[in-house]
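Here is the structure we will look at.
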Amino acid sequence: MEFKRLKSASAMVMTFLGIKSMPVVDGKIAFDEDQSSKLKEELTEEKLTQLVDAFNSEIAENSQIKGINKEITEILKGLSTEDRTGANSAKQKTSTVEEDPNGAAEPPTVEDNLAALRAKMEERDRTIKALIEDSEGDMPLAIIQGGKINNMVKNSATHLYASGKGYDAFEGRNWNKLAAGLSTSATDWADATEISKLNGDMELFHRQNPSELQSLHRDNFGLPSHWKRTVNVVDRIVSGTIVTGPITQGRKLAWLPKNKQAIQAEEGKVYPISIDAEFIGHLLSVIEASWVSEYNKEGSQAYKLTFVRFLLQEIDKQARTEDRIASIKAIHVETPDNATKPGKFINRQDGLLYLAWKAREIDKKYRAFSLGVPTSSNIVDYVDELINKLPLDVKNMPGLEMEMSPTWVKAYKRRYEVTHSLNTDYTGVLPYPKDFPNIKFVEVVDFEGSDFMVITPSNNVEILEYLPKEKSLYKFEMLKRILYVFADYKMGMRYVHIGNKVKPGDPDQFKVQSVWSNDVSVFNKDFFIPVFDNETGEIEARFNQLKVDDVWNTDITKISGLVPGQIVKIQGDNTIIADKHIKNNADIVLGSDFALNTGGTLTMVVMADGKLKELSRTAEPEQTVTVESTFETGVLDADNGYDYTFSGAENTAITEILNGVPAQQIKISGVDGANTDVTLSTTGNIKVASAVTLATAADSIELILVDGVWIEFNRTITA
């Protein structure tokens with residue numbers, strides 16, 4: 001049964017039942033027992049059910065419409081308390097049934113409210129448009145760079161970028177005029193007023209835009225993003241570990257306790273780090289010129305920054321790069337209070353590599369696996385062997401990572417392709433070692449150049465900081481036409497747990513470690529840390545490769561801090577003025593005293609009794625080795641290097657030089673000996689000033705590749 005006129009139907013029902021309104025409970029029709037019985041006398045059960053359902057649907061729909069209408073009414077009240085336009089004049093007031101209980105004025109319908117809302121929004125649009133078109137006396141200037149509309153920067157008559165900010169103003173700020181194209185002359189940085197203004201601008205910019213600079217340290221940090229970060233570390237953080245030995249045993253008569261436990265603490269530390277920068281007038285001019293040229297680069301707006309912001313960002317970018325490198329490769333060296341030279345950033349804190357080296361070599365907290373040296377051909381088997389040496393319960397533990405240099409990760413993937421690409425189940429290179437999806441490769445960019453590889457839980461590496469925002473919180477001072485910029489913050493790195501140092505006789509269960517690695521050298525052989533003269537003649541070594549400071553002025557009589565079996569290298573400096581030595585004595589056993597001012601290197605080993613014994617020495621600074629290519633025929637390949645030495649046994653004429661890249665330079669040298677002359681003349685793709693003979697090792701000729709021809713530009717002939 002379909003009821004199209006429910007209003008009439010409800011009136012008929014109310015008349016029939018003798019009631020003034022339809023009974024509604026919780027939004028639904030609710031006839032009582034007598035009313036239902038009366039209706040059933042006139043209607044069938046089915047018809048009555050249909051009637052009630054129709055009434056209920058109408059009630060629900062009206063309720064929804066009333067709710068929407070109420071919301072629109074509230075919006076209109078928020079927009080304005082004045083009379084609405086566009087609605088029926090008899091219904092201008094935003095009245096409701098509650099506001100007019102006597103029913104004197106009919107409340108506005110949904111249609112009325114929607115019309116009023118539409119009119120109010122149109123009025124707001126007209127107001128906004130009028131405000132936009134009002135320039136308030138500051139007409140925008142369009143600077144189109146490179147002739148492309150996409151590169152247009154909007155400036156106002158008074159401010160760069162029309163920002164209205166004081167540090168973007170044109171007045172008294174030539175660097176902003178340069179960026180806007182309103183000036184062509186460099187700023188006169190000899191004027192203290194300019195530097196003073198720049199100083200104030202830098203401080204103002206940082207105060208008004210702190211979040212922009214704070215975000216840079218995350219964008220440019222560059223360490224693996226999954227490594228966790230702990231902040232508010234004032235100085236140190238300590239994590240405790242507990243290990244329990246065997247506890248259970250068979251039932252017995254006597255009381256035989258066997259519980260044995262060890263508790264050890266692992267400490268992490270943050271190091272205070274400083275940024276000291278100063279800008280003198282000439283340097284500021286150079287930076288200003290480079291900034292403007294970058295800004296005007298074809299097809300790019302570079303940084304879209306004011307000069308002030310440019311200075312801060314460049315300082316911050318370099319600092320964040322050093323944060324990344326130091327977090328991995330640094331070894332902390334205390335700078336003396338009387339230092340006259342700035343310290344190296346690589347000595348500002350202890351990085352992960354040093355923590356692993358110290359735990360392995362000095363503290364003996366973890367055992368490294370002897371695997372030899374990885375090569376590009378054995379890398380897949382090498383990684384498998386390293387993993388298979390792990391304890392069984394560790395090998396299959398979820399959440400492990402293998403940290404290594406990007407070069408070795410790529411070498412593994414290339415070798416994996418070669419060895420597995422013909423397999424029928426080959427689906428591509430895996431992001432983890434084969435058969436071990438629980439161990440993911442992690443490329444640590446500053447492991448580059450090292451064969452060192454580490455396996456550890458991913459949550460075991462932690463970046464420590466005090467207040468992250470301090471890294472970009474710069475302070476500014478000005479004195480004698482020099483602008484000083486400085487910042488201070490704290491950072492550190494740690495493995496949360498490396499391993500337990502055990503005593504002889506402790507059970508194997510106590511030999512717990514969370515870091516595993518191969519046993520290759522952690523640092524390169526040419527990595528030395530500075531050691532400063534404390535005038536005692538004794539060195540407390542934190543590392544086994546030391547280089548004395550260039551103002552060293554004391555004989556060295558004792559070196560401590562290292563352990564038996566360790567190789568120790570001390571490197572001198574040939575700029576040292578004082579004639580000082582490492583002395584041969586009871587603690588340092590040498591063939592003779594070692595002079596520090598030769599710049600040579602003394603290599604020793606720590607004996608079982610703690611004494612150092614000489615193994616070898618050099619008497620001059622180590623020279624950079626130039627890789628030379630030899631040739632014995634008349635055809636050279638320029639792809640083999642830059643320096644070529646003849647190695648043939650008979651006279652040879654060079655007739656052709658293969659390959660090479662434009663502007664590449666090569667040097668060809670002869671060799672001492674009879675009947676071993678090398679001759680060159682203008683032939684093929686070789687052009688020389690005149691025919692030349694290289695008769696000895698001291699004879700040479702230098703060529704440069706221009707338009708496919710190797711042209712002579714220098715020669716040395718001794719005869």
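Naming scheme: A, B, ... for chains in displayed order of the structure tokens; residues 1 onward per chain; ligands 1 onward as shown.
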
Checklist entry - region 273-278 of chain A: which residues within 9 Å, counting only C-alpha atoms, same-chain residues fewer than 5 positions away excluded, as a list in words? => result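 That gives Ile315, Ala319, Phe345, Arg348, Gln349, Tyr474, Ile482, Leu483, Tyr484, Val485, Phe486, Ala487, Asp488, Tyr489, Lys490 and Met491 of chain A.
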
Skip Ser21 (chain A) itself and residues of its chain fewer than 3 positions away, then list as an mmCIF file with C-alpha atoms, in the first residue's frame all residues within 12 Å of it, counting only C-alpha atoms.
data_model
loop_
_atom_site.group_PDB
_atom_site.id
_atom_site.type_symbol
_atom_site.label_atom_id
_atom_site.label_comp_id
_atom_site.auth_asym_id
_atom_site.auth_seq_id
_atom_site.Cartn_x
_atom_site.Cartn_y
_atom_site.Cartn_z
ATOM 1 C CA LYS A 7 -0.174 14.582 6.028
ATOM 2 C CA SER A 10 -1.960 11.338 9.749
ATOM 3 C CA ALA A 11 -4.936 13.743 10.173
ATOM 4 C CA MET A 12 -7.359 10.916 9.468
ATOM 5 C CA VAL A 13 -5.597 8.613 11.946
ATOM 6 C CA MET A 14 -5.613 11.284 14.685
ATOM 7 C CA THR A 15 -9.363 11.946 14.095
ATOM 8 C CA PHE A 16 -10.146 8.228 14.132
ATOM 9 C CA LEU A 17 -8.207 7.653 17.368
ATOM 10 C CA GLY A 18 -9.362 10.928 18.965
ATOM 11 C CA VAL A 24 6.312 9.520 18.651
ATOM 12 C CA ILE A 29 5.602 6.094 15.756
ATOM 13 C CA ALA A 30 4.549 4.374 19.007
ATOM 14 C CA PHE A 31 0.791 3.497 19.141
#

Checklist entry - Of the candidates A:Ile287, A:Ala649, A:Val292, A:Ile657, which one gets nearest to Glu314 (chain A) if we count only C-alpha atoms? => result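 Once distances to Glu314 (chain A) are computed over only C-alpha atoms, the minimum belongs to A:Ile287.
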
Checklist entry - Can you list, as a VMD selection string, every residue of region 149-185 of chain A that DSSP puts in strand (DSSP E)? => result chain A and resid 152 to 155

Checklist entry - Between A:Glu620, A:Leu182, A:Glu403, A:Ile666, which one has atoms that come closest to Gly641 (chain A), using only C-alpha atoms? => result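 Counting only C-alpha atoms, the residue closest to Gly641 (chain A) is A:Ile666.
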
Next on the checklist: So the first atom is CA of Pro564 (chain A) and the second is CA of Ala356 (chain A); what is the distance between them in Å, to one decimal place?
Outcome noted: 18.2 Å

Next on the checklist: Report as JSON, numbers by chain all protein, DNA and RNA residues lying within 7 Å of Ala326 (chain A), evaluated on only C-alpha atoms, omitting residues in the same chain fewer than 3 positions from it.
Outcome noted: {"A": [322, 323, 329, 330, 345, 346, 349, 351]}

Using only C-alpha atoms, please write the residues we just selected to a file, as an mmCIF file, in the first residue's frame.
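Generated file (selection.cif):
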data_model
loop_
_atom_site.group_PDB
_atom_site.id
_atom_site.type_symbol
_atom_site.label_atom_id
_atom_site.label_comp_id
_atom_site.auth_asym_id
_atom_site.auth_seq_id
_atom_site.Cartn_x
_atom_site.Cartn_y
_atom_site.Cartn_z
ATOM 1 C CA GLU A 322 80.251 17.466 8.937
ATOM 2 C CA ASP A 323 77.687 16.121 11.426
ATOM 3 C CA LYS A 329 84.475 8.487 11.226
ATOM 4 C CA ALA A 330 85.477 10.952 13.949
ATOM 5 C CA PHE A 345 85.820 18.522 12.623
ATOM 6 C CA ILE A 346 86.954 14.889 12.343
ATOM 7 C CA GLN A 349 83.538 13.535 18.800
ATOM 8 C CA GLY A 351 82.008 8.155 15.750
#

Item to check | Contacts of region 381-384 of chain A within 9 Å, only C-alpha atoms, excl. fewer than 2 positions in-chain, as a list in words | outcome: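 After dropping sequence-adjacent residues, the list is Leu371, Gly372, Val373, Pro374, Thr375, Ser377, Asn378, Ile379, Leu386, Ile387, Asn388, Lys389, Tyr412, Pro433 and Lys434 of chain A.
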
Residue subset to file, keeping C-alpha atoms, as a PDB file, in the first residue's frame:
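What landed in selection_21.pdb:
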ATOM      1  CA  LEU A 371      87.479 -13.905   7.139  1.00  0.00           C
ATOM      2  CA  GLY A 372      90.350 -12.316   5.246  1.00  0.00           C
ATOM      3  CA  VAL A 373      89.721  -9.435   2.855  1.00  0.00           C
ATOM      4  CA  PRO A 374      86.608  -9.159   0.653  1.00  0.00           C
ATOM      5  CA  THR A 375      87.037  -8.914  -3.119  1.00  0.00           C
ATOM      6  CA  SER A 377      84.705 -11.891  -6.897  1.00  0.00           C
ATOM      7  CA  ASN A 378      84.264 -13.425  -3.432  1.00  0.00           C
ATOM      8  CA  ILE A 379      81.898 -10.855  -1.900  1.00  0.00           C
ATOM      9  CA  LEU A 386      80.144 -13.763   7.924  1.00  0.00           C
ATOM     10  CA  ILE A 387      76.462 -14.498   8.554  1.00  0.00           C
ATOM     11  CA  ASN A 388      77.022 -18.228   9.060  1.00  0.00           C
ATOM     12  CA  LYS A 389      79.562 -17.523  11.789  1.00  0.00           C
ATOM     13  CA  TYR A 412      77.472  -7.822  -3.734  1.00  0.00           C
ATOM     14  CA  PRO A 433      71.703 -11.413   1.762  1.00  0.00           C
ATOM     15  CA  LYS A 434      70.339 -14.507   0.046  1.00  0.00           C
TER      16      LYS A 434
END

Item to check | Contact residues around region 407-411 of chain A with only C-alpha atoms at 8 Å, ignoring same-chain residues under 6 positions, as a VMD selection string | outcome: chain A and resid 376 379 441 443 448 451

Okay, now the selection with N, CA, C and O atoms, as a compact mmCIF listing (two decimals), in the first residue's frame?
# COMPACT_ATOMS: atom_id res chain seq x y z
N SER A 376 85.83 -8.29 -5.10
CA SER A 376 84.63 -8.21 -5.94
C SER A 376 84.18 -9.57 -6.42
O SER A 376 83.02 -9.76 -6.77
N ILE A 379 82.72 -11.61 -2.84
CA ILE A 379 81.90 -10.86 -1.90
C ILE A 379 80.63 -11.60 -1.49
O ILE A 379 80.21 -11.54 -0.33
N PHE A 441 70.60 -4.97 4.09
CA PHE A 441 71.81 -4.20 3.79
C PHE A 441 71.56 -2.73 4.15
O PHE A 441 70.52 -2.16 3.80
N GLU A 443 73.57 0.81 3.59
CA GLU A 443 74.73 1.52 3.04
C GLU A 443 75.04 2.73 3.92
O GLU A 443 74.22 3.62 4.07
N GLU A 448 82.73 4.30 3.30
CA GLU A 448 83.37 4.21 1.99
C GLU A 448 84.89 4.20 2.14
O GLU A 448 85.46 4.96 2.92
N ASP A 451 86.93 -1.83 4.25
CA ASP A 451 86.38 -3.17 4.07
C ASP A 451 85.64 -3.65 5.31
O ASP A 451 85.18 -4.79 5.38

Checklist entry - Counting only C-alpha atoms, what is within 12 Å of Asp707 (chain A), bar same-chain residues fewer than 5 positions away, as a PyMOL selection string? => result chain A and resi 660-664+685-687

Using C-alpha atoms, can you export the residues from the last selection as a tab-separated table (two decimals), in the first residue's frame?
chain	number	residue	atom	x	y	z
A	660	GLY	CA	91.38	9.82	-24.11
A	661	VAL	CA	88.88	12.58	-23.33
A	662	PRO	CA	88.95	16.24	-24.45
A	663	ALA	CA	91.54	18.35	-22.55
A	664	GLN	CA	93.14	15.24	-21.01
A	685	ASN	CA	96.93	12.03	-34.22
A	686	ILE	CA	100.16	13.40	-32.63
A	687	LYS	CA	101.38	16.97	-33.17

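DSSP annotation of region 306-344 of chain A from backbone atoms: alpha helix (DSSP H) residues are Phe307, Val308, Arg309, Phe310, Leu311, Leu312, Gln313, Glu314, Ile315, Asp316, Lys317, Gln318, Ala319, Arg320, Thr321, Glu322, Asp323, Arg324, Ile325, Ala326, Ser327, Ile328 and Lys329 of chain A.
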
Write the residues of the selection above to a file with N, CA, C and O atoms, as an mmCIF file, in the first residue's frame.
data_model
loop_
_atom_site.group_PDB
_atom_site.id
_atom_site.type_symbol
_atom_site.label_atom_id
_atom_site.label_comp_id
_atom_site.auth_asym_id
_atom_site.auth_seq_id
_atom_site.Cartn_x
_atom_site.Cartn_y
_atom_site.Cartn_z
ATOM 1 N N PHE A 307 70.020 37.737 0.880
ATOM 2 C CA PHE A 307 71.443 37.496 1.129
ATOM 3 C C PHE A 307 71.673 36.964 2.540
ATOM 4 O O PHE A 307 72.500 36.073 2.776
ATOM 5 N N VAL A 308 70.926 37.453 3.471
ATOM 6 C CA VAL A 308 71.042 36.998 4.860
ATOM 7 C C VAL A 308 70.744 35.511 4.961
ATOM 8 O O VAL A 308 71.484 34.733 5.552
ATOM 9 N N ARG A 309 69.654 35.126 4.358
ATOM 10 C CA ARG A 309 69.238 33.730 4.433
ATOM 11 C C ARG A 309 70.242 32.837 3.706
ATOM 12 O O ARG A 309 70.518 31.725 4.131
ATOM 13 N N PHE A 310 70.787 33.355 2.619
ATOM 14 C CA PHE A 310 71.792 32.600 1.874
ATOM 15 C C PHE A 310 73.002 32.295 2.753
ATOM 16 O O PHE A 310 73.500 31.170 2.789
ATOM 17 N N LEU A 311 73.495 33.294 3.469
ATOM 18 C CA LEU A 311 74.660 33.087 4.334
ATOM 19 C C LEU A 311 74.386 32.005 5.376
ATOM 20 O O LEU A 311 75.197 31.108 5.597
ATOM 21 N N LEU A 312 73.241 32.086 6.024
ATOM 22 C CA LEU A 312 72.911 31.121 7.066
ATOM 23 C C LEU A 312 72.763 29.714 6.507
ATOM 24 O O LEU A 312 73.228 28.743 7.098
ATOM 25 N N GLN A 313 72.120 29.591 5.366
ATOM 26 C CA GLN A 313 71.883 28.271 4.808
ATOM 27 C C GLN A 313 73.181 27.599 4.387
ATOM 28 O O GLN A 313 73.366 26.395 4.597
ATOM 29 N N GLU A 314 74.106 28.371 3.812
ATOM 30 C CA GLU A 314 75.368 27.779 3.385
ATOM 31 C C GLU A 314 76.190 27.295 4.584
ATOM 32 O O GLU A 314 76.809 26.231 4.543
ATOM 33 N N ILE A 315 76.202 28.075 5.655
ATOM 34 C CA ILE A 315 76.884 27.636 6.875
ATOM 35 C C ILE A 315 76.241 26.363 7.403
ATOM 36 O O ILE A 315 76.904 25.396 7.774
ATOM 37 N N ASP A 316 74.913 26.351 7.419
ATOM 38 C CA ASP A 316 74.181 25.220 7.981
ATOM 39 C C ASP A 316 74.381 23.950 7.163
ATOM 40 O O ASP A 316 74.528 22.862 7.717
ATOM 41 N N LYS A 317 74.410 24.085 5.835
ATOM 42 C CA LYS A 317 74.602 22.907 4.987
ATOM 43 C C LYS A 317 75.950 22.245 5.254
ATOM 44 O O LYS A 317 76.051 21.021 5.354
ATOM 45 N N GLN A 318 76.997 23.063 5.353
ATOM 46 C CA GLN A 318 78.325 22.514 5.618
ATOM 47 C C GLN A 318 78.376 21.859 6.995
ATOM 48 O O GLN A 318 78.963 20.783 7.169
ATOM 49 N N ALA A 319 77.740 22.487 7.976
ATOM 50 C CA ALA A 319 77.736 21.922 9.328
ATOM 51 C C ALA A 319 77.033 20.574 9.363
ATOM 52 O O ALA A 319 77.481 19.637 10.035
ATOM 53 N N ARG A 320 75.940 20.440 8.627
ATOM 54 C CA ARG A 320 75.205 19.166 8.640
ATOM 55 C C ARG A 320 75.992 18.062 7.933
ATOM 56 O O ARG A 320 75.920 16.895 8.293
ATOM 57 N N THR A 321 76.740 18.435 6.884
ATOM 58 C CA THR A 321 77.606 17.454 6.225
ATOM 59 C C THR A 321 78.656 16.950 7.200
ATOM 60 O O THR A 321 78.926 15.741 7.278
ATOM 61 N N GLU A 322 79.242 17.867 7.960
ATOM 62 C CA GLU A 322 80.251 17.466 8.937
ATOM 63 C C GLU A 322 79.634 16.656 10.070
ATOM 64 O O GLU A 322 80.291 15.766 10.622
ATOM 65 N N ASP A 323 78.385 16.938 10.430
ATOM 66 C CA ASP A 323 77.687 16.121 11.426
ATOM 67 C C ASP A 323 77.636 14.662 10.982
ATOM 68 O O ASP A 323 77.864 13.739 11.768
ATOM 69 N N ARG A 324 77.305 14.464 9.711
ATOM 70 C CA ARG A 324 77.185 13.100 9.189
ATOM 71 C C ARG A 324 78.525 12.380 9.210
ATOM 72 O O ARG A 324 78.633 11.256 9.703
ATOM 73 N N ILE A 325 79.562 13.028 8.678
ATOM 74 C CA ILE A 325 80.876 12.387 8.591
ATOM 75 C C ILE A 325 81.416 12.095 9.982
ATOM 76 O O ILE A 325 81.901 10.988 10.261
ATOM 77 N N ALA A 326 81.323 13.085 10.879
ATOM 78 C CA ALA A 326 81.859 12.913 12.226
ATOM 79 C C ALA A 326 81.114 11.836 12.999
ATOM 80 O O ALA A 326 81.712 11.138 13.828
ATOM 81 N N SER A 327 79.832 11.670 12.746
ATOM 82 C CA SER A 327 79.059 10.647 13.451
ATOM 83 C C SER A 327 79.550 9.246 13.138
ATOM 84 O O SER A 327 79.300 8.313 13.905
ATOM 85 N N ILE A 328 80.240 9.081 12.021
ATOM 86 C CA ILE A 328 80.748 7.771 11.632
ATOM 87 C C ILE A 328 82.258 7.664 11.817
ATOM 88 O O ILE A 328 82.763 6.722 12.433
ATOM 89 N N LYS A 329 83.021 8.647 11.352
ATOM 90 C CA LYS A 329 84.475 8.487 11.226
ATOM 91 C C LYS A 329 85.301 9.219 12.272
ATOM 92 O O LYS A 329 86.514 9.025 12.338
#

Item to check | All residues 12 Å or closer to Glu334 (chain A), only C-alpha atoms, same chain fewer than 2 positions away omitted, as an MDAnalysis selection string | outcome: chainID A and resid 271:273 331:332 336:339 342:350 529:534 540:542

Checklist outcome for this item: In Å and to one decimal, CA of Arg229 (chain A) is distant from CA of Val461 (chain A) by 8.8 Å

Could the residues of region 648-715 of chain A that have an atom at most 6 Å from region 631-640 of chain A be listed as CSV, each with its closest atom pair and the distance in Å to one decimal, counting only C-alpha atoms and ordered by chain and ascending residue number?
residue,atom,partner,partner_atom,distance
A:Gly648,CA,A:Glu632,CA,4.2
A:Ala653,CA,A:Gly634,CA,5.4
A:Ile654,CA,A:Gly634,CA,4.0
A:Thr655,CA,A:Gly634,CA,5.5
A:Glu656,CA,A:Val635,CA,5.0
A:Ile657,CA,A:Leu636,CA,4.7
A:Leu658,CA,A:Asp637,CA,4.7
A:Asn659,CA,A:Ala638,CA,5.5
A:Gly660,CA,A:Ala638,CA,4.9

Next on the checklist: Can you measure CA of Tyr366 (chain A) to CA of Glu267 (chain A) for me? One decimal in Å is fine.
Outcome noted: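 Taking CA of Tyr366 (chain A) as the start and CA of Glu267 (chain A) as the end point, the length is 15.7 Å.
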